[in-house]
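Shown next: structure.txt, containing compact mmCIF, C-alpha atoms and all ligand atoms.
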```txt
# COMPACT_ATOMS: atom_id res chain seq x y z
CA MET A 1 0.00 0.00 0.00
CA LEU A 2 1.40 3.39 -0.94
CA LYS A 3 2.29 5.66 1.95
CA PRO A 4 1.57 9.32 1.13
CA ASN A 5 3.68 12.19 2.45
CA LEU A 6 2.11 12.34 5.90
CA ARG A 7 3.71 15.72 6.56
CA TYR A 8 0.87 17.33 4.60
CA LYS A 9 -1.11 16.83 7.81
CA GLU A 10 1.30 19.16 9.61
CA LEU A 11 0.58 22.10 7.29
CA LYS A 12 -1.74 24.76 8.61
CA ASP A 13 -4.61 25.15 6.17
CA THR A 14 -4.73 28.26 4.01
CA TYR A 15 -7.06 29.67 6.61
CA LEU A 16 -6.01 33.31 6.44
CA PHE A 17 -7.07 34.36 2.95
CA ASN A 18 -10.02 31.94 2.91
CA THR A 19 -11.35 33.48 6.11
CA ILE A 20 -10.88 37.01 4.80
CA TYR A 21 -12.76 36.05 1.66
CA ARG A 22 -15.58 34.35 3.56
CA LYS A 23 -16.04 37.18 6.10
CA THR A 24 -16.07 39.79 3.34
CA ASN A 25 -18.65 37.89 1.33
CA GLU A 26 -20.86 37.29 4.36
CA TYR A 27 -20.77 41.01 5.11
CA LEU A 28 -21.68 41.87 1.51
CA ALA A 29 -24.54 39.36 1.48
CA LYS A 30 -26.03 41.16 4.49
CA ASN A 31 -25.18 44.68 3.28
CA PRO A 32 -25.46 44.58 -0.52
CA GLU A 33 -25.65 48.39 -0.76
CA LYS A 34 -22.14 48.87 0.67
CA THR A 35 -18.90 49.08 -1.31
CA VAL A 36 -16.13 47.08 0.25
CA LEU A 37 -12.57 48.22 -0.51
CA ARG A 38 -10.18 45.26 -0.61
CA MET A 39 -6.82 46.57 0.55
CA GLY A 40 -5.30 43.29 1.65
CA VAL A 41 -4.19 41.35 -1.38
CA GLY A 42 -0.56 41.06 -2.40
CA ASP A 43 -1.33 41.04 -6.09
CA VAL A 44 -0.66 43.84 -8.54
CA SER A 45 -3.39 45.75 -10.39
CA ILE A 46 -1.55 47.72 -13.07
CA PRO A 47 -1.35 45.91 -16.45
CA LEU A 48 1.91 44.96 -18.14
CA CYS A 49 3.65 47.93 -19.70
CA GLU A 50 3.65 48.69 -23.40
CA PRO A 51 7.21 47.53 -24.31
CA VAL A 52 6.49 44.16 -22.67
CA ILE A 53 3.20 43.73 -24.52
CA LYS A 54 4.87 44.56 -27.83
CA ALA A 55 7.67 42.07 -27.18
CA LEU A 56 5.17 39.36 -26.21
CA HIS A 57 3.15 39.90 -29.40
CA LYS A 58 6.25 39.78 -31.53
CA ALA A 59 7.44 36.61 -29.82
CA VAL A 60 4.10 34.94 -30.51
CA ASP A 61 4.52 35.78 -34.20
CA ASP A 62 8.10 34.42 -34.10
CA GLN A 63 6.71 31.09 -32.99
CA GLY A 64 4.46 30.96 -36.05
CA ASN A 65 7.29 31.42 -38.52
CA LYS A 66 9.68 28.67 -39.61
CA LYS A 67 12.65 31.06 -39.61
CA THR A 68 12.12 32.48 -36.12
CA PHE A 69 10.49 29.49 -34.44
CA HIS A 70 12.05 28.23 -31.16
CA GLY A 71 11.69 24.78 -29.69
CA TYR A 72 13.04 23.93 -26.25
CA MET A 73 14.84 26.81 -24.59
CA PRO A 74 17.94 26.26 -22.41
CA GLU A 75 16.86 24.99 -18.97
CA VAL A 76 18.88 27.69 -17.23
CA GLY A 77 17.39 30.53 -19.29
CA ASP A 78 18.05 32.30 -22.57
CA ALA A 79 21.53 33.83 -22.86
CA SER A 80 20.25 37.30 -23.79
CA LEU A 81 17.95 37.45 -20.78
CA ARG A 82 20.67 36.23 -18.40
CA LYS A 83 22.91 38.95 -19.77
CA ALA A 84 20.23 41.62 -19.28
CA ILE A 85 19.70 40.51 -15.67
CA LYS A 86 23.45 40.59 -15.05
CA GLU A 87 23.53 44.19 -16.30
CA TYR A 88 20.55 45.04 -14.09
CA TYR A 89 22.47 43.67 -11.10
CA ALA A 90 25.51 45.72 -12.11
CA LYS A 91 23.47 48.90 -11.61
CA PHE A 92 23.40 48.11 -7.88
CA SER A 93 27.12 47.24 -7.93
CA ALA A 94 26.25 43.60 -7.40
CA LYS A 95 28.72 41.64 -9.47
CA VAL A 96 27.18 38.42 -10.71
CA GLU A 97 27.97 36.44 -13.85
CA GLU A 98 25.57 35.24 -16.53
CA ASP A 99 26.12 31.61 -15.57
CA GLU A 100 25.21 32.38 -11.96
CA ILE A 101 21.74 33.59 -13.05
CA PHE A 102 18.97 31.07 -13.66
CA VAL A 103 15.71 32.16 -15.28
CA SER A 104 12.70 30.68 -13.48
CA SER A 105 8.94 30.55 -13.74
CA GLY A 106 8.67 32.68 -10.59
CA ALA A 107 10.07 33.04 -7.10
CA CYS A 108 7.51 30.75 -5.50
CA ASP A 109 8.52 27.84 -7.74
CA ASP A 110 12.21 28.26 -7.03
CA LEU A 111 11.75 28.80 -3.28
CA GLY A 112 10.36 25.27 -3.23
CA ASP A 113 12.69 23.63 -5.75
CA ILE A 114 15.91 25.13 -4.32
CA LEU A 115 15.48 22.99 -1.20
CA GLU A 116 16.49 19.99 -3.31
CA LEU A 117 20.07 21.25 -2.97
CA PHE A 118 20.06 20.60 0.77
CA ASP A 119 19.99 17.58 3.02
CA LYS A 120 16.80 16.83 4.90
CA ASP A 121 18.63 17.03 8.23
CA ASN A 122 19.63 20.68 7.83
CA SER A 123 18.08 23.12 10.28
CA VAL A 124 16.11 26.08 8.97
CA LEU A 125 15.78 29.57 10.41
CA VAL A 126 12.71 31.60 9.48
CA ILE A 127 12.44 35.20 10.61
CA GLU A 128 8.84 35.88 11.52
CA PRO A 129 6.43 37.37 10.56
CA ALA A 130 7.14 35.54 7.31
CA TYR A 131 5.82 34.59 3.93
CA PRO A 132 4.13 31.25 4.74
CA GLU A 133 5.89 29.33 1.95
CA TYR A 134 9.24 29.31 3.80
CA VAL A 135 7.80 27.23 6.61
CA ASP A 136 5.45 25.05 4.55
CA THR A 137 8.01 23.90 1.97
CA ASN A 138 10.38 22.83 4.75
CA ILE A 139 7.70 21.02 6.70
CA LEU A 140 6.92 19.02 3.55
CA CYS A 141 10.49 17.77 3.33
CA GLY A 142 10.57 17.04 7.05
CA ARG A 143 12.94 19.76 8.22
CA LYS A 144 12.91 21.31 11.65
CA VAL A 145 12.09 25.01 11.50
CA ILE A 146 13.51 27.44 14.05
CA HIS A 147 11.34 30.53 14.32
CA LEU A 148 13.10 33.82 15.00
CA ALA A 149 10.51 36.28 16.24
CA SER A 150 10.76 39.97 15.47
CA GLY A 151 8.87 42.92 16.87
CA GLU A 152 8.64 46.63 17.44
CA GLU A 153 11.73 46.56 19.69
CA ASN A 154 13.96 45.75 16.69
CA GLY A 155 11.82 47.39 14.01
CA PHE A 156 10.90 43.88 12.82
CA LEU A 157 14.54 43.43 11.75
CA PRO A 158 16.04 40.89 14.16
CA MET A 159 19.75 40.14 14.09
CA PRO A 160 21.24 36.63 14.20
CA GLU A 161 21.23 34.62 17.43
CA THR A 162 20.91 30.87 16.92
CA PRO A 163 22.93 29.35 14.06
CA ALA A 164 21.05 27.34 11.43
CA ASP A 165 22.01 25.69 8.16
CA ILE A 166 19.45 27.44 5.98
CA ILE A 167 18.47 31.04 6.76
CA TYR A 168 15.60 32.85 5.07
CA ILE A 169 15.82 36.61 4.70
CA CYS A 170 13.13 38.57 2.89
CA SER A 171 14.13 42.22 2.56
CA PRO A 172 12.11 44.37 1.96
CA ASN A 173 9.89 42.07 3.92
CA ASN A 174 6.47 40.68 3.21
CA PRO A 175 4.38 41.28 5.34
CA THR A 176 6.12 43.98 7.41
CA GLY A 177 7.79 46.13 4.74
CA ALA A 178 10.89 46.35 6.96
CA ALA A 179 14.21 46.33 5.06
CA TYR A 180 17.72 45.60 6.30
CA ASN A 181 20.41 48.21 5.69
CA ARG A 182 23.93 47.41 4.51
CA GLU A 183 25.44 47.17 7.95
CA GLN A 184 22.76 44.81 9.23
CA LEU A 185 22.95 42.56 6.18
CA LYS A 186 26.71 42.40 6.55
CA VAL A 187 26.20 41.00 10.05
CA TRP A 188 23.94 38.27 8.63
CA VAL A 189 26.44 37.48 5.85
CA ASP A 190 29.34 37.21 8.31
CA PHE A 191 27.24 35.01 10.58
CA ALA A 192 26.33 32.70 7.68
CA ASN A 193 29.95 32.46 6.53
CA LYS A 194 31.13 31.74 10.04
CA HIS A 195 28.67 28.88 10.54
CA GLY A 196 28.69 27.52 6.99
CA SER A 197 25.00 28.42 6.56
CA VAL A 198 23.31 29.31 3.30
CA ILE A 199 21.09 32.40 3.20
CA LEU A 200 18.08 32.22 0.92
CA PHE A 201 17.56 35.88 0.14
CA ASP A 202 14.11 36.78 -1.19
CA ALA A 203 14.44 40.03 -3.14
CA ALA A 204 10.91 40.07 -4.59
CA TYR A 205 10.38 43.70 -3.48
CA GLU A 206 13.79 45.17 -4.31
CA ILE A 207 12.37 47.68 -6.80
CA PHE A 208 10.50 49.47 -3.99
CA ILE A 209 13.73 50.38 -2.18
CA GLU A 210 14.46 54.10 -1.81
CA GLY A 211 17.87 55.59 -1.10
CA GLU A 212 21.37 54.13 -1.00
CA ASP A 213 21.45 52.61 2.46
CA ILE A 214 19.28 49.57 1.71
CA PRO A 215 20.81 47.01 -0.67
CA HIS A 216 18.68 45.77 -3.58
CA SER A 217 20.64 42.55 -3.70
CA ILE A 218 22.50 40.59 -1.04
CA PHE A 219 25.37 40.43 -3.53
CA GLU A 220 26.04 44.09 -2.80
CA ILE A 221 27.43 42.84 0.51
CA GLU A 222 31.01 41.65 0.70
CA GLY A 223 31.21 37.94 1.44
CA ALA A 224 27.69 37.12 0.20
CA LYS A 225 28.92 35.06 -2.72
CA THR A 226 30.19 32.35 -0.42
CA CYS A 227 26.97 32.09 1.59
CA ALA A 228 23.88 33.29 -0.29
CA ILE A 229 21.39 32.40 -2.98
CA GLU A 230 19.09 35.17 -4.17
CA ILE A 231 15.59 34.60 -5.43
CA CYS A 232 13.83 37.34 -7.35
CA SER A 233 10.87 37.71 -9.63
CA LEU A 234 9.22 40.11 -12.04
CA SER A 235 5.88 39.52 -10.28
CA LYS A 236 5.85 42.60 -8.09
CA THR A 237 8.54 44.57 -9.91
CA ALA A 238 6.98 44.44 -13.39
CA GLY A 239 3.44 43.17 -12.82
CA PHE A 240 4.21 39.57 -13.88
CA THR A 241 2.11 37.81 -11.21
CA GLY A 242 -0.13 36.28 -13.88
CA THR A 243 2.52 36.17 -16.61
CA ARG A 244 5.18 34.30 -14.57
CA LEU A 245 8.91 34.87 -14.75
CA GLY A 246 11.62 35.11 -12.13
CA TYR A 247 15.32 34.55 -11.65
CA THR A 248 17.53 32.89 -9.08
CA THR A 249 21.19 33.65 -8.57
CA VAL A 250 23.49 30.91 -7.28
CA PRO A 251 27.13 32.06 -7.05
CA LYS A 252 29.92 29.81 -8.26
CA GLU A 253 31.84 30.44 -5.02
CA LEU A 254 29.06 28.78 -3.03
CA ILE A 255 30.65 25.47 -2.06
CA ARG A 256 29.76 23.10 0.78
CA GLU A 257 31.53 19.81 1.49
CA GLY A 258 33.37 20.17 -1.79
CA MET A 259 30.14 20.44 -3.77
CA ASN A 260 29.49 23.47 -5.93
CA LEU A 261 25.92 24.62 -5.46
CA ASN A 262 25.92 26.51 -8.76
CA GLU A 263 26.75 23.30 -10.65
CA MET A 264 24.21 21.40 -8.58
CA TRP A 265 21.49 23.92 -9.41
CA SER A 266 22.41 23.76 -13.08
CA ARG A 267 22.07 19.98 -12.91
CA ASN A 268 18.83 20.34 -11.01
CA ARG A 269 17.37 22.57 -13.72
CA GLU A 270 18.31 20.06 -16.41
CA THR A 271 16.34 17.45 -14.51
CA ARG A 272 13.43 19.47 -13.21
CA THR A 273 12.51 21.79 -16.06
CA ASN A 274 12.59 22.07 -19.80
CA GLY A 275 13.05 25.80 -19.58
CA ILE A 276 10.80 28.85 -19.59
CA SER A 277 8.61 29.77 -22.54
CA TYR A 278 10.43 31.63 -25.33
CA ILE A 279 7.55 34.09 -25.43
CA LEU A 280 7.73 34.95 -21.72
CA GLN A 281 11.50 35.35 -21.83
CA LYS A 282 11.10 37.85 -24.67
CA GLY A 283 8.51 39.72 -22.60
CA ALA A 284 10.89 39.72 -19.64
CA LEU A 285 13.76 40.96 -21.76
CA ALA A 286 11.69 44.05 -22.59
CA VAL A 287 11.43 44.83 -18.85
CA PHE A 288 15.20 45.36 -18.76
CA THR A 289 15.35 47.78 -21.72
CA PRO A 290 15.51 51.52 -20.92
CA GLU A 291 11.89 51.96 -22.12
CA GLY A 292 10.81 48.96 -20.05
CA GLN A 293 12.53 50.28 -16.94
CA GLU A 294 10.97 53.69 -17.37
CA CYS A 295 7.45 52.22 -17.60
CA VAL A 296 7.98 49.83 -14.72
CA HIS A 297 9.22 52.62 -12.45
CA LYS A 298 6.23 54.78 -13.37
CA ASN A 299 3.96 51.97 -12.20
CA ILE A 300 5.89 51.55 -8.96
CA ASP A 301 5.42 55.29 -8.35
CA VAL A 302 1.65 54.76 -8.50
CA TYR A 303 1.90 52.16 -5.72
CA LYS A 304 4.18 54.48 -3.76
CA LYS A 305 1.61 57.26 -4.02
CA ASN A 306 -0.96 54.77 -2.71
CA ALA A 307 1.35 54.07 0.24
CA SER A 308 1.49 57.79 1.00
CA TYR A 309 -2.32 57.91 1.40
CA PHE A 310 -2.21 55.20 4.06
CA MET A 311 0.84 56.67 5.76
CA GLU A 312 -0.79 60.09 6.03
CA ALA A 313 -3.94 58.57 7.53
CA LEU A 314 -1.96 56.57 10.10
CA ASP A 315 0.28 59.54 10.97
CA THR A 316 -2.81 61.68 11.54
CA ALA A 317 -4.35 59.02 13.77
CA GLY A 318 -1.07 58.46 15.64
CA ILE A 319 -0.94 54.75 14.82
CA TRP A 320 2.43 52.91 14.92
CA TYR A 321 3.42 51.42 11.57
CA ILE A 322 6.38 50.48 9.39
CA GLY A 323 6.71 49.81 5.67
CA GLY A 324 5.25 51.88 2.86
CA LYS A 325 8.63 53.42 2.18
CA ASN A 326 10.70 50.55 0.76
CA SER A 327 7.75 48.28 0.25
CA PRO A 328 4.21 48.01 -1.10
CA TYR A 329 3.04 46.89 2.35
CA ILE A 330 2.14 48.83 5.46
CA TRP A 331 2.35 46.99 8.75
CA LEU A 332 0.54 48.64 11.62
CA LYS A 333 -0.20 48.01 15.23
CA CYS A 334 -3.89 47.49 15.81
CA PRO A 335 -5.24 50.35 17.96
CA ASP A 336 -6.63 49.95 21.49
CA GLY A 337 -5.04 46.52 21.99
CA MET A 338 -7.33 44.94 19.41
CA SER A 339 -6.31 41.59 17.94
CA GLY A 340 -5.77 41.33 14.19
CA TRP A 341 -9.14 39.68 13.66
CA GLU A 342 -10.94 42.17 15.94
CA PHE A 343 -9.46 45.02 13.94
CA PHE A 344 -10.40 43.24 10.72
CA ASP A 345 -14.05 42.99 11.82
CA TYR A 346 -14.02 46.57 13.10
CA LEU A 347 -12.80 47.94 9.75
CA LEU A 348 -15.13 45.77 7.71
CA ASN A 349 -18.21 46.69 9.72
CA LYS A 350 -17.47 50.38 10.29
CA ILE A 351 -15.85 51.51 7.06
CA GLN A 352 -15.92 48.49 4.71
CA VAL A 353 -12.15 48.37 4.33
CA VAL A 354 -10.47 44.96 4.17
CA GLY A 355 -6.87 44.28 5.21
CA VAL A 356 -4.95 41.26 6.46
CA PRO A 357 -4.60 40.33 10.16
CA GLY A 358 -0.95 39.79 11.06
CA ASP A 359 -1.74 36.44 12.71
CA GLY A 360 -1.38 34.62 9.41
CA PHE A 361 2.36 35.31 9.23
CA GLY A 362 3.45 33.74 12.52
CA GLU A 363 2.89 34.11 16.28
CA CYS A 364 4.57 37.50 16.56
CA GLY A 365 2.25 38.95 13.90
CA LYS A 366 -0.62 38.88 16.40
CA GLY A 367 -2.01 42.35 17.11
CA TYR A 368 -0.69 43.72 13.80
CA PHE A 369 -2.32 44.30 10.46
CA ARG A 370 -1.16 44.53 6.84
CA PHE A 371 -2.39 46.87 4.16
CA SER A 372 -1.28 46.45 0.57
CA THR A 373 -0.79 49.40 -1.76
CA PHE A 374 -1.34 47.34 -4.92
CA GLY A 375 -4.97 48.50 -5.35
CA SER A 376 -6.22 51.29 -7.59
CA PRO A 377 -5.36 54.87 -6.52
CA GLU A 378 -9.08 55.73 -6.29
CA ASP A 379 -9.88 52.84 -3.94
CA THR A 380 -6.74 53.34 -1.89
CA LYS A 381 -7.37 57.05 -1.39
CA GLU A 382 -10.98 56.36 -0.42
CA ALA A 383 -9.90 53.59 1.99
CA ALA A 384 -7.29 55.85 3.60
CA ASP A 385 -9.86 58.67 3.98
CA ARG A 386 -12.33 56.34 5.65
CA LEU A 387 -9.57 54.99 7.90
CA CYS A 388 -8.45 58.46 8.90
CA LYS A 389 -11.97 59.58 9.84
CA LEU A 390 -12.63 56.42 11.83
CA LEU A 391 -9.37 56.35 13.76
CA LYS A 392 -9.40 60.07 14.56
CA LYS A 393 -12.75 59.63 16.26
CA GLY A 394 -11.18 56.81 18.31
C1 LIG B 1 4.94 37.84 -4.18
C2 LIG B 1 6.13 37.28 -3.55
C3 LIG B 1 7.05 36.55 -4.29
C4 LIG B 1 6.89 36.39 -5.78
O1 LIG B 1 6.37 35.15 -6.09
P1 LIG B 1 6.16 34.74 -7.59
O2 LIG B 1 6.02 33.26 -7.51
O3 LIG B 1 7.37 35.15 -8.38
O4 LIG B 1 4.92 35.40 -8.09
C5 LIG B 1 8.17 36.05 -3.65
N1 LIG B 1 8.39 36.27 -2.34
C6 LIG B 1 7.54 36.99 -1.61
C7 LIG B 1 7.86 37.24 -0.19
C8 LIG B 1 6.38 37.51 -2.18
O5 LIG B 1 5.54 38.23 -1.43
```
Can you turn what I pasted into structure tokens?
Amino acid sequence: MLKPNLRYKELKDTYLFNTIYRKTNEYLAKNPEKTVLRMGVGDVSIPLCEPVIKALHKAVDDQGNKKTFHGYMPEVGDASLRKAIKEYYAKFSAKVEEDEIFVSSGACDDLGDILELFDKDNSVLVIEPAYPEYVDTNILCGRKVIHLASGEENGFLPMPETPADIIYICSPNNPTGAAYNREQLKVWVDFANKHGSVILFDAAYEIFIEGEDIPHSIFEIEGAKTCAIEICSLSKTAGFTGTRLGYTTVPKELIREGMNLNEMWSRNRETRTNGISYILQKGALAVFTPEGQECVHKNIDVYKKNASYFMEALDTAGIWYIGGKNSPYIWLKCPDGMSGWEFFDYLLNKIQVVGVPGDGFGECGKGYFRFSTFGSPEDTKEAADRLCKLLKKG
């Protein structure tokens, strides 16, 4: 009799977003005349930009023509796209080579697959509040997860304490929006090198970073190439959540027990994928052109303006929050000692604004709340106005 992977029983169900959805719909069923503003979701709303759409259309035509048709693409990614990503990295003074960059179908996919490089007995450190996938993927392969709690006392940016073999760092962070500066990341890199750990650095929100003090890539930090893998994606940076393309950087200097993790990942890709669609890689290539970058940054500015509406409302009401600056998320402390779910119900019932209770991202998220700035400017402004009026009244 086949034995299934019993560890699926250990996963928490996807309770958070299901509950938000159910509560919102129940409210609407009872109050059909109300407009609910959904300010919780971590999905983009602005369509792909013009240079990307043009490139996608052209690539579709290429595939219909004998002369320009492409069959299987290289498993590690098309050479021109790897080169463009390398040049993008160079803008942040992160020196990575083409053959250290692997084109992927998105960060989520690679965050799961990358674990195939490591032994099951490795320990894992997850800084919480965290993106739930870090914990779930490790539970499924039977690894022990050490939770490192963060909080207001360290600005949700804890520094290393307990050594672990695999260390997840998401900066700028989902859900908190907190971002490590150079000095802090250097401490993590030194810690990882000292203990022989590997940092899995999730850079999904790098494009939101403002100013010089926060690195866009961990490879801006000296020593990172012997201890870090970076996982990034065009999902949030270029609106590719439904289009799907990402990239993962595994340095050639990353060696453990005589094994080169770059070569292992290359081998893994040959086994696990037949490459990313020619069409999507052409679309992605357009993101890295000057016209593509200009468009993409214009869209990010729209989300940043949205963040400013929320930040103004919270400043006026005197509510503690972080994020919004280097991130599309705002992480606030629920007022009057309310729990995340109490605050959720309060906002839904009083002003029909929906956010995400912090509880879903780990124990230490309790009593906090996440707003996303990925909605339309009209809805976001309206939500922030309603929030401001409600919280000022107390
Ligand atoms: C959205 C997000 C990603 C991107 O995932 P994709 O699979 O590329 O869409 C990665 N990490 C975090 C923390 C995210 O919030």
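Nearest-residue note for Leu157 of chain A: choosing from A:Gly323, A:Ile300, A:Thr68, A:Ser308, the minimum distance belongs to A:Gly323, counting all atoms listed in the file.
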Within 9 Å of file point (22.9, 27.7, -7.5), counting only C-alpha atoms, expressed as a list in words = Glu100, Ile101, Phe102, Ile114, Leu117, Ile229, Thr248, Thr249, Val250, Pro251, Lys252, Leu254, Asn260, Leu261, Asn262, Glu263, Met264, Trp265 and Ser266 of chain A
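A cut-off of 10 Å from the point (-9.8, 52.6, -2.9), with all atoms listed in the file, picks out the residues Thr35, Val36, Leu37, Arg38, Met39, Asn306, Val353, Thr373, Gly375, Ser376, Pro377, Glu378, Asp379, Thr380, Lys381, Glu382, Ala383, Ala384, Asp385 and Arg386 of chain A.
The residue that comes closest to Phe118 of chain A, out of A:Ala284, A:Leu56, A:Val198, A:Val44 and on the basis of all atoms listed in the file, is A:Val198.
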Give me the residues within 8 Å of segment 10-24 of chain A as a ChimeraX atom specification, counting all atoms listed in the file and dropping any in the same chain fewer than 6 places off.
-> /A:36,136,139-140,348,354,356,360
Quick one: write out the picked residues with C-alpha atoms as a tab-separated table (two decimals), in the coordinates of the input?
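Final file, again.tsv:
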```
chain	number	residue	atom	x	y	z
A	36	VAL	CA	-16.13	47.08	0.25
A	136	ASP	CA	5.45	25.05	4.55
A	139	ILE	CA	7.70	21.02	6.70
A	140	LEU	CA	6.92	19.02	3.55
A	348	LEU	CA	-15.13	45.77	7.71
A	354	VAL	CA	-10.47	44.96	4.17
A	356	VAL	CA	-4.95	41.26	6.46
A	360	GLY	CA	-1.38	34.62	9.41
```
Expected selection as a PyMOL selection string for ligand LIG 1 (chain B) within 10 Å, all atoms listed in the file | chain A and resi 42-44+104-111+130-134+169-175+201-205+231-237+239-247+328-329
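Atom CA of Gly40 of chain A lies 17.8 Å from atom CA of Pro335 of chain A.
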